[in-house]
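Colleague: Here's a structure for you.
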Amino acid sequence: MVLTAPPVGGGALQITRLLHTGTPVKKGDIVFEFDPAEQRYKLEQSRSELQQAEQEIGKAMADADVLAAQDKVELLKARFALRRAELEVQRNELVSVIDAKKNELALQHAKDSVAKLQQDLESHVASGRATVRLARRSRTRRSWPWIRRRRTSEKMLVAAPMDGLVSIEKNAGMDEMGQGMSMSDYRAGDQVRPEAPLRR
């Protein structure tokens, strides 16, 4: 069975460890591994972006809660002012015409304030929920690269899919003088392209 270098994006992969030809292996034994530095770097980048998305969700939820609490306090104050204005209007028969008119205007203003604050509260709740939804979608988008890169990072260790003996493929590359083709066995330190066959 041919084992290949992992299918990762980017340039060549560097072999850091591999078993020699004729080495017996059991299913699951590591046959060869590649330098995981670049994959780990990309994984950390994705992890950082995912953590940032989590923080954005937390912030959106906290901001929505704070705004809702403020709106409720303002609405409570407005309802108290409305109740007081209603009580003042009930005294209109006992006050001058001018004061009675002022009381009626104050009552209408209090009613308008309560209605506006009620609309603001509903609008802010809807807006807060929308912001949280967007932040969660952003986290979902950012989670896919992290999952993909985590899987890629795990592929830097290539295990035997069955019991058997290792047989090294030939590395068709340039010789030490940079001329011609050498057909030496793959060894630690060699670079290979993704999905290149290495062992069987």
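Naming scheme: A, B, ... for chains in displayed order of the structure tokens; residues 1 onward per chain; ligands 1 onward as shown.
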Which polymer residues have any atom within 9 Å of an atom of Glu38 in chain A, counting only C-alpha atoms, with same-chain residues fewer than 4 positions away left out, as a ChimeraX atom specification?

Modeller: /A:42-43,153

Colleague: Once you have the residues from the selection above, write them out as a short mmCIF file (atom, residue, chain, number, x, y, z; two decimals), in the first residue's frame, restricted to N, CA, C and O atoms.

Modeller:
```cif
data_model
loop_
_atom_site.label_atom_id
_atom_site.label_comp_id
_atom_site.auth_asym_id
_atom_site.auth_seq_id
_atom_site.Cartn_x
_atom_site.Cartn_y
_atom_site.Cartn_z
N LYS A 42 -0.22 28.24 11.29
CA LYS A 42 -1.52 28.53 10.69
C LYS A 42 -2.66 28.15 11.65
O LYS A 42 -3.67 28.84 11.72
N LEU A 43 -2.46 27.05 12.37
CA LEU A 43 -3.46 26.62 13.34
C LEU A 43 -3.61 27.65 14.45
O LEU A 43 -4.73 27.97 14.87
N SER A 153 -2.83 19.63 10.57
CA SER A 153 -1.72 19.51 11.51
C SER A 153 -1.57 18.06 11.99
O SER A 153 -0.46 17.56 12.15
#
```

Colleague: Could you give me, as a list in words, the residues within 9 Å of Ala78 in chain A, counting only C-alpha atoms and dropping anything in the same chain fewer than 2 positions from it?

Modeller: Val73, Glu74, Leu75, Leu76, Phe80, Ala81, Leu82, Arg83, Ala110, Lys111, Ser113, Val114 and Leu117 of chain A

Colleague: May I have the selected residues written with all heavy atoms, as a short mmCIF file (atom, residue, chain, number, x, y, z; two decimals), in the first residue's frame?

Modeller:
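So the final result, stored in out-v5.cif, reads:
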```
data_model
loop_
_atom_site.label_atom_id
_atom_site.label_comp_id
_atom_site.auth_asym_id
_atom_site.auth_seq_id
_atom_site.Cartn_x
_atom_site.Cartn_y
_atom_site.Cartn_z
N VAL A 73 -34.71 50.83 32.99
CA VAL A 73 -34.66 51.87 34.03
C VAL A 73 -35.33 53.15 33.53
O VAL A 73 -36.15 53.76 34.23
CB VAL A 73 -33.21 52.14 34.48
CG1 VAL A 73 -33.13 53.40 35.34
CG2 VAL A 73 -32.65 50.95 35.23
N GLU A 74 -34.99 53.56 32.29
CA GLU A 74 -35.58 54.77 31.73
C GLU A 74 -37.09 54.61 31.55
O GLU A 74 -37.86 55.54 31.81
CB GLU A 74 -34.93 55.09 30.37
CG GLU A 74 -33.48 55.53 30.47
CD GLU A 74 -33.29 56.76 31.32
OE1 GLU A 74 -34.10 57.70 31.19
OE2 GLU A 74 -32.35 56.78 32.15
N LEU A 75 -37.52 53.42 31.15
CA LEU A 75 -38.95 53.18 30.98
C LEU A 75 -39.67 53.22 32.33
O LEU A 75 -40.79 53.75 32.44
CB LEU A 75 -39.16 51.83 30.29
CG LEU A 75 -40.60 51.47 29.92
CD1 LEU A 75 -41.21 52.51 28.99
CD2 LEU A 75 -40.65 50.09 29.26
N LEU A 76 -39.05 52.68 33.34
CA LEU A 76 -39.63 52.72 34.69
C LEU A 76 -39.80 54.15 35.17
O LEU A 76 -40.84 54.52 35.72
CB LEU A 76 -38.74 51.92 35.65
CG LEU A 76 -39.29 51.66 37.04
CD1 LEU A 76 -40.56 50.82 36.96
CD2 LEU A 76 -38.25 50.98 37.91
N PHE A 80 -43.31 56.17 35.89
CA PHE A 80 -43.55 56.88 37.15
C PHE A 80 -43.97 58.32 36.87
O PHE A 80 -44.91 58.84 37.50
CB PHE A 80 -42.28 56.85 38.02
CG PHE A 80 -42.42 57.60 39.30
CD1 PHE A 80 -43.15 57.07 40.36
CD2 PHE A 80 -41.83 58.85 39.46
CE1 PHE A 80 -43.28 57.76 41.55
CE2 PHE A 80 -41.97 59.55 40.65
CZ PHE A 80 -42.69 59.00 41.70
N ALA A 81 -43.29 58.99 35.91
CA ALA A 81 -43.64 60.37 35.54
C ALA A 81 -45.05 60.41 34.94
O ALA A 81 -45.81 61.37 35.18
CB ALA A 81 -42.62 60.91 34.54
N LEU A 82 -45.42 59.39 34.16
CA LEU A 82 -46.76 59.33 33.59
C LEU A 82 -47.81 59.21 34.69
O LEU A 82 -48.85 59.89 34.67
CB LEU A 82 -46.87 58.14 32.63
CG LEU A 82 -48.26 57.84 32.05
CD1 LEU A 82 -48.79 59.05 31.27
CD2 LEU A 82 -48.22 56.60 31.18
N ARG A 83 -47.56 58.36 35.67
CA ARG A 83 -48.52 58.20 36.78
C ARG A 83 -48.68 59.50 37.55
O ARG A 83 -49.81 59.89 37.92
CB ARG A 83 -48.04 57.08 37.71
CG ARG A 83 -48.96 56.80 38.87
CD ARG A 83 -50.32 56.36 38.37
NE ARG A 83 -51.26 56.21 39.47
CZ ARG A 83 -52.56 56.48 39.40
NH1 ARG A 83 -53.08 56.93 38.28
NH2 ARG A 83 -53.33 56.31 40.45
N ALA A 110 -45.78 62.90 28.87
CA ALA A 110 -45.40 61.67 29.59
C ALA A 110 -45.83 60.43 28.82
O ALA A 110 -45.10 59.45 28.75
CB ALA A 110 -46.04 61.69 30.99
N LYS A 111 -47.04 60.47 28.23
CA LYS A 111 -47.51 59.34 27.42
C LYS A 111 -46.62 59.13 26.20
O LYS A 111 -46.26 57.99 25.87
CB LYS A 111 -48.95 59.58 26.95
CG LYS A 111 -49.99 59.44 28.04
CD LYS A 111 -51.38 59.72 27.49
CE LYS A 111 -52.46 59.56 28.56
NZ LYS A 111 -53.81 59.86 28.04
N SER A 113 -43.49 59.98 25.92
CA SER A 113 -42.19 59.49 26.38
C SER A 113 -42.22 57.99 26.64
O SER A 113 -41.30 57.26 26.25
CB SER A 113 -41.76 60.23 27.66
OG SER A 113 -41.51 61.58 27.39
N VAL A 114 -43.29 57.52 27.29
CA VAL A 114 -43.42 56.09 27.57
C VAL A 114 -43.50 55.30 26.27
O VAL A 114 -42.83 54.27 26.11
CB VAL A 114 -44.66 55.81 28.45
CG1 VAL A 114 -44.96 54.31 28.50
CG2 VAL A 114 -44.43 56.35 29.86
N LEU A 117 -40.04 55.28 24.58
CA LEU A 117 -39.09 54.42 25.28
C LEU A 117 -39.43 52.95 25.09
O LEU A 117 -38.53 52.10 24.99
CB LEU A 117 -39.05 54.77 26.77
CG LEU A 117 -38.33 56.08 27.10
CD1 LEU A 117 -38.56 56.46 28.55
CD2 LEU A 117 -36.84 55.96 26.81
#
```

Colleague: Could you please write out, as JSON, numbers by chain, every residue of chain A that DSSP assigns to helix (DSSP H, G or I)?

Modeller: {"A": [37, 38, 39, 40, 41, 42, 43, 44, 45, 46, 47, 48, 49, 50, 51, 52, 53, 54, 55, 56, 57, 58, 59, 60, 61, 62, 63, 64, 65, 66, 67, 68, 69, 70, 71, 72, 73, 74, 75, 76, 77, 78, 79, 80, 81, 82, 83, 84, 85, 86, 87, 88, 89, 92, 93, 94, 97, 98, 99, 100, 101, 102, 103, 104, 105, 106, 107, 108, 109, 110, 111, 112, 113, 114, 115, 116, 117, 118, 119, 120, 121, 122, 123, 124, 125, 126, 127, 128, 129, 130, 131, 132, 133, 134, 135, 136, 137, 138, 139, 140, 141, 142, 143, 144, 145, 146, 147, 148, 149, 150, 151, 152, 153, 154]}

Colleague: Find, counting only C-alpha atoms, the residue in A:Leu121, A:Ala130, A:Pro145, A:Gly164 that gets nearest to Gln70 in chain A.

Modeller: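 Among the listed residues, A:Leu121 lies closest to Gln70 in chain A.
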
Colleague: What is the distance between CA of Thr23 in chain A and CA of Val158 in chain A, in Å to one decimal?

Modeller: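 Computing the Euclidean distance for CA of Thr23 in chain A and CA of Val158 in chain A yields 15.1 Å.
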
Colleague: List as a CSV table (one decimal) with N, CA, C and O atoms, in the first residue's frame the protein and nucleic acid residues near Glu86 in chain A, meaning an atom at most 12 Å away when only C-alpha atoms are counted, but skip any in the same chain fewer than 5 places from it.

Modeller:
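The resulting file, selection-v2.csv, is shown below:
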```
chain,number,residue,atom,x,y,z
A,79,ARG,N,-42.7,55.8,33.2
A,79,ARG,CA,-44.0,55.3,33.7
A,79,ARG,C,-44.3,56.0,35.1
A,79,ARG,O,-45.5,56.3,35.3
A,80,PHE,N,-43.3,56.2,35.9
A,80,PHE,CA,-43.5,56.9,37.2
A,80,PHE,C,-44.0,58.3,36.9
A,80,PHE,O,-44.9,58.8,37.5
A,81,ALA,N,-43.3,59.0,35.9
A,81,ALA,CA,-43.6,60.4,35.5
A,81,ALA,C,-45.1,60.4,34.9
A,81,ALA,O,-45.8,61.4,35.2
A,91,ARG,N,-56.5,66.7,39.4
A,91,ARG,CA,-56.7,67.9,40.2
A,91,ARG,C,-57.1,69.1,39.4
A,91,ARG,O,-57.2,70.2,39.9
A,92,ASN,N,-57.3,68.9,38.1
A,92,ASN,CA,-57.6,70.1,37.2
A,92,ASN,C,-58.8,70.9,37.7
A,92,ASN,O,-58.8,72.1,37.4
A,100,ALA,N,-54.3,73.9,34.6
A,100,ALA,CA,-54.9,72.6,34.1
A,100,ALA,C,-54.4,72.3,32.7
A,100,ALA,O,-54.2,71.1,32.3
A,103,ASN,N,-51.0,70.8,33.0
A,103,ASN,CA,-51.1,69.4,33.4
A,103,ASN,C,-51.5,68.5,32.3
A,103,ASN,O,-50.9,67.4,32.2
A,104,GLU,N,-52.4,68.9,31.4
A,104,GLU,CA,-52.8,68.1,30.2
A,104,GLU,C,-51.6,67.9,29.3
A,104,GLU,O,-51.4,66.9,28.7
A,105,LEU,N,-50.9,69.0,29.1
A,105,LEU,CA,-49.7,69.0,28.2
A,105,LEU,C,-48.6,68.1,28.8
A,105,LEU,O,-48.0,67.3,28.1
A,106,ALA,N,-48.4,68.1,30.1
A,106,ALA,CA,-47.5,67.3,30.8
A,106,ALA,C,-47.9,65.8,30.7
A,106,ALA,O,-47.0,64.9,30.5
A,107,LEU,N,-49.2,65.6,30.8
A,107,LEU,CA,-49.7,64.2,30.7
A,107,LEU,C,-49.4,63.6,29.3
A,107,LEU,O,-48.9,62.5,29.1
A,108,GLN,N,-49.7,64.5,28.3
A,108,GLN,CA,-49.5,64.0,26.9
A,108,GLN,C,-48.0,63.8,26.6
A,108,GLN,O,-47.6,62.8,26.0
A,109,HIS,N,-47.2,64.6,27.2
A,109,HIS,CA,-45.7,64.5,27.0
A,109,HIS,C,-45.2,63.2,27.7
A,109,HIS,O,-44.4,62.4,27.1
A,110,ALA,N,-45.8,62.9,28.9
A,110,ALA,CA,-45.4,61.7,29.6
A,110,ALA,C,-45.8,60.4,28.8
A,110,ALA,O,-45.1,59.4,28.8
A,111,LYS,N,-47.0,60.5,28.2
A,111,LYS,CA,-47.5,59.3,27.4
A,111,LYS,C,-46.6,59.1,26.2
A,111,LYS,O,-46.3,58.0,25.9
```

Colleague: Residues of range 80-129 of chain A within 9 Å of range 60-64 of chain A: nearest atom pair and distance (Å, one decimal) for each, counting only C-alpha atoms, sorted by chain and number, as CSV?

Modeller:
```
residue,atom,partner,partner_atom,distance
A:His124,CA,A:Ala64,CA,7.5
A:Val125,CA,A:Ala64,CA,6.9
A:Ser127,CA,A:Ala64,CA,8.2
A:Gly128,CA,A:Ala64,CA,4.9
A:Arg129,CA,A:Ala64,CA,7.6
```

Colleague: Could you please write out, as a VMD selection string, every residue of chain A that DSSP assigns to strand (DSSP E)?

Modeller: chain A and resid 3 to 4 13 to 18 24 to 25 30 to 34 157 to 159 164 to 165 170 to 174 181 to 185 191 to 192 197 to 199

Colleague: Could you name the residues that touch Ala12 in chain A at 12 Å or less, counting only C-alpha atoms, but leaving out those on the same chain fewer than 6 positions away, as a PyMOL selection string?

Modeller: chain A and resi 5-6+34-36+38+189-196

Colleague: Can you spit out the residues from that selection as an mmCIF file, in the first residue's frame, using all heavy atoms?

Modeller:
```
data_model
loop_
_atom_site.group_PDB
_atom_site.id
_atom_site.type_symbol
_atom_site.label_atom_id
_atom_site.label_comp_id
_atom_site.auth_asym_id
_atom_site.auth_seq_id
_atom_site.Cartn_x
_atom_site.Cartn_y
_atom_site.Cartn_z
ATOM 1 N N ALA A 5 2.595 11.793 1.060
ATOM 2 C CA ALA A 5 2.660 13.003 1.880
ATOM 3 C C ALA A 5 1.248 13.582 1.989
ATOM 4 O O ALA A 5 0.439 13.415 1.080
ATOM 5 C CB ALA A 5 3.604 14.014 1.233
ATOM 6 N N PRO A 6 0.945 14.228 3.109
ATOM 7 C CA PRO A 6 -0.417 14.739 3.294
ATOM 8 C C PRO A 6 -0.789 15.797 2.263
ATOM 9 O O PRO A 6 0.068 16.564 1.813
ATOM 10 C CB PRO A 6 -0.402 15.327 4.708
ATOM 11 C CG PRO A 6 1.025 15.534 5.030
ATOM 12 C CD PRO A 6 1.804 14.513 4.254
ATOM 13 N N PHE A 34 6.317 14.822 9.236
ATOM 14 C CA PHE A 34 6.787 16.033 8.569
ATOM 15 C C PHE A 34 6.887 17.172 9.573
ATOM 16 O O PHE A 34 6.232 17.162 10.622
ATOM 17 C CB PHE A 34 5.826 16.425 7.443
ATOM 18 C CG PHE A 34 5.740 15.398 6.361
ATOM 19 C CD1 PHE A 34 4.785 14.396 6.399
ATOM 20 C CD2 PHE A 34 6.628 15.420 5.305
ATOM 21 C CE1 PHE A 34 4.712 13.439 5.412
ATOM 22 C CE2 PHE A 34 6.564 14.471 4.304
ATOM 23 C CZ PHE A 34 5.607 13.472 4.359
ATOM 24 N N ASP A 35 7.702 18.154 9.232
ATOM 25 C CA ASP A 35 7.860 19.329 10.090
ATOM 26 C C ASP A 35 6.506 20.037 10.207
ATOM 27 O O ASP A 35 5.960 20.506 9.205
ATOM 28 C CB ASP A 35 8.901 20.271 9.479
ATOM 29 C CG ASP A 35 9.169 21.487 10.354
ATOM 30 O OD1 ASP A 35 8.584 21.575 11.450
ATOM 31 O OD2 ASP A 35 9.958 22.357 9.934
ATOM 32 N N PRO A 36 5.946 20.115 11.414
ATOM 33 C CA PRO A 36 4.614 20.697 11.573
ATOM 34 C C PRO A 36 4.623 22.202 11.842
ATOM 35 O O PRO A 36 3.572 22.787 12.102
ATOM 36 C CB PRO A 36 4.076 19.943 12.797
ATOM 37 C CG PRO A 36 5.303 19.742 13.637
ATOM 38 C CD PRO A 36 6.447 19.536 12.658
ATOM 39 N N GLU A 38 4.905 25.070 10.135
ATOM 40 C CA GLU A 38 4.029 25.948 9.358
ATOM 41 C C GLU A 38 2.560 25.655 9.650
ATOM 42 O O GLU A 38 1.753 26.573 9.801
ATOM 43 C CB GLU A 38 4.304 25.776 7.861
ATOM 44 C CG GLU A 38 3.452 26.703 6.996
ATOM 45 C CD GLU A 38 3.725 26.545 5.505
ATOM 46 O OE1 GLU A 38 4.659 25.809 5.134
ATOM 47 O OE2 GLU A 38 2.995 27.163 4.716
ATOM 48 N N GLY A 189 15.004 15.236 6.438
ATOM 49 C CA GLY A 189 15.537 16.485 5.904
ATOM 50 C C GLY A 189 15.125 16.746 4.472
ATOM 51 O O GLY A 189 15.170 17.886 4.009
ATOM 52 N N ASP A 190 14.728 15.692 3.744
ATOM 53 C CA ASP A 190 14.280 15.881 2.363
ATOM 54 C C ASP A 190 12.953 16.641 2.339
ATOM 55 O O ASP A 190 12.141 16.562 3.264
ATOM 56 C CB ASP A 190 14.088 14.529 1.669
ATOM 57 C CG ASP A 190 15.407 13.881 1.286
ATOM 58 O OD1 ASP A 190 16.444 14.553 1.392
ATOM 59 O OD2 ASP A 190 15.384 12.703 0.890
ATOM 60 N N GLN A 191 12.755 17.344 1.242
ATOM 61 C CA GLN A 191 11.486 18.024 1.034
ATOM 62 C C GLN A 191 10.711 17.301 -0.057
ATOM 63 O O GLN A 191 11.298 16.830 -1.034
ATOM 64 C CB GLN A 191 11.706 19.496 0.641
ATOM 65 C CG GLN A 191 12.271 20.318 1.788
ATOM 66 C CD GLN A 191 12.226 21.801 1.490
ATOM 67 O OE1 GLN A 191 12.149 22.222 0.343
ATOM 68 N NE2 GLN A 191 12.280 22.599 2.539
ATOM 69 N N VAL A 192 9.423 17.232 0.140
ATOM 70 C CA VAL A 192 8.568 16.558 -0.829
ATOM 71 C C VAL A 192 7.338 17.420 -1.094
ATOM 72 O O VAL A 192 6.948 18.233 -0.266
ATOM 73 C CB VAL A 192 8.117 15.164 -0.329
ATOM 74 C CG1 VAL A 192 9.312 14.265 -0.127
ATOM 75 C CG2 VAL A 192 7.315 15.285 0.952
ATOM 76 N N ARG A 193 6.755 17.220 -2.249
ATOM 77 C CA ARG A 193 5.525 17.952 -2.554
ATOM 78 C C ARG A 193 4.351 17.242 -1.879
ATOM 79 O O ARG A 193 4.411 16.021 -1.636
ATOM 80 C CB ARG A 193 5.320 18.032 -4.064
ATOM 81 C CG ARG A 193 4.977 16.731 -4.727
ATOM 82 C CD ARG A 193 4.848 16.857 -6.221
ATOM 83 N NE ARG A 193 4.362 15.611 -6.831
ATOM 84 C CZ ARG A 193 5.096 14.545 -7.058
ATOM 85 N NH1 ARG A 193 6.374 14.560 -6.724
ATOM 86 N NH2 ARG A 193 4.550 13.460 -7.588
ATOM 87 N N PRO A 194 3.297 17.963 -1.566
ATOM 88 C CA PRO A 194 2.109 17.322 -0.978
ATOM 89 C C PRO A 194 1.613 16.193 -1.877
ATOM 90 O O PRO A 194 1.629 16.307 -3.110
ATOM 91 C CB PRO A 194 1.096 18.469 -0.900
ATOM 92 C CG PRO A 194 1.939 19.690 -0.815
ATOM 93 C CD PRO A 194 3.159 19.410 -1.663
ATOM 94 N N GLU A 195 1.192 15.116 -1.253
ATOM 95 C CA GLU A 195 0.615 13.942 -1.899
ATOM 96 C C GLU A 195 1.635 13.130 -2.692
ATOM 97 O O GLU A 195 1.252 12.234 -3.459
ATOM 98 C CB GLU A 195 -0.581 14.304 -2.789
ATOM 99 C CG GLU A 195 -1.720 14.953 -2.011
ATOM 100 C CD GLU A 195 -2.963 15.156 -2.840
ATOM 101 O OE1 GLU A 195 -3.713 14.182 -3.033
ATOM 102 O OE2 GLU A 195 -3.179 16.293 -3.301
ATOM 103 N N ALA A 196 2.923 13.419 -2.517
ATOM 104 C CA ALA A 196 3.944 12.599 -3.195
ATOM 105 C C ALA A 196 4.018 11.221 -2.546
ATOM 106 O O ALA A 196 3.967 11.111 -1.320
ATOM 107 C CB ALA A 196 5.306 13.285 -3.110
#
```

Colleague: Give me the residues near Arg141 in chain A as a PyMOL selection string, where near means some atom within 10 Å (using only C-alpha atoms) and where sequence neighbours in that chain fewer than 5 positions away do not count.

Modeller: chain A and resi 50+53+135-136+146

Colleague: Output all heavy atoms of each residue in that selection to a file, as a compact mmCIF listing (two decimals), in the first residue's frame.

Modeller:
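Ended up saving to result11.txt:
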```
# COMPACT_ATOMS: atom_id res chain seq x y z
N LEU A 50 -10.57 32.54 16.00
CA LEU A 50 -11.75 31.92 16.61
C LEU A 50 -11.99 32.49 18.01
O LEU A 50 -13.13 32.78 18.39
CB LEU A 50 -11.56 30.40 16.67
CG LEU A 50 -12.78 29.57 17.05
CD1 LEU A 50 -13.94 29.83 16.10
CD2 LEU A 50 -12.43 28.09 17.05
N ALA A 53 -13.52 35.82 17.70
CA ALA A 53 -14.95 35.70 17.39
C ALA A 53 -15.76 35.39 18.65
O ALA A 53 -16.86 35.92 18.84
CB ALA A 53 -15.17 34.62 16.33
N ALA A 135 -22.47 37.91 15.09
CA ALA A 135 -21.22 37.50 15.74
C ALA A 135 -21.10 35.97 15.76
O ALA A 135 -20.02 35.42 15.56
CB ALA A 135 -21.16 38.06 17.16
N ARG A 136 -22.22 35.29 15.95
CA ARG A 136 -22.20 33.82 15.95
C ARG A 136 -21.92 33.28 14.55
O ARG A 136 -21.22 32.27 14.39
CB ARG A 136 -23.53 33.27 16.49
CG ARG A 136 -23.63 33.42 18.01
CD ARG A 136 -24.90 32.83 18.55
NE ARG A 136 -24.87 32.84 20.01
CZ ARG A 136 -25.93 32.95 20.77
NH1 ARG A 136 -27.13 33.08 20.24
NH2 ARG A 136 -25.82 32.94 22.09
N TRP A 146 -10.14 26.75 11.25
CA TRP A 146 -9.48 26.17 12.42
C TRP A 146 -9.61 24.64 12.39
O TRP A 146 -8.64 23.92 12.62
CB TRP A 146 -10.08 26.73 13.70
CG TRP A 146 -9.48 26.13 14.93
CD1 TRP A 146 -8.25 26.41 15.47
CD2 TRP A 146 -10.06 25.12 15.76
NE1 TRP A 146 -8.04 25.64 16.59
CE2 TRP A 146 -9.13 24.83 16.79
CE3 TRP A 146 -11.27 24.44 15.74
CZ2 TRP A 146 -9.38 23.90 17.78
CZ3 TRP A 146 -11.51 23.50 16.73
CH2 TRP A 146 -10.58 23.24 17.73
```

Colleague: Using CA of Val25 in chain A and CA of Val166 in chain A as the two end points, give the distance in Å to one decimal.

Modeller: 7.2 Å

Colleague: Looking at only C-alpha atoms, which of A:Val95, A:Leu134, A:Leu87, A:Val31 is the one that sits closest to Thr4 in chain A?

Modeller: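 Nearest candidate to Thr4 in chain A out of A:Val95, A:Leu134, A:Leu87, A:Val31: A:Val31.
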
Colleague: Which is closest to Arg148 in chain A among A:Gln39, A:Thr21, A:Gln119, A:Ser96, if we use only C-alpha atoms?

Modeller: A:Gln39
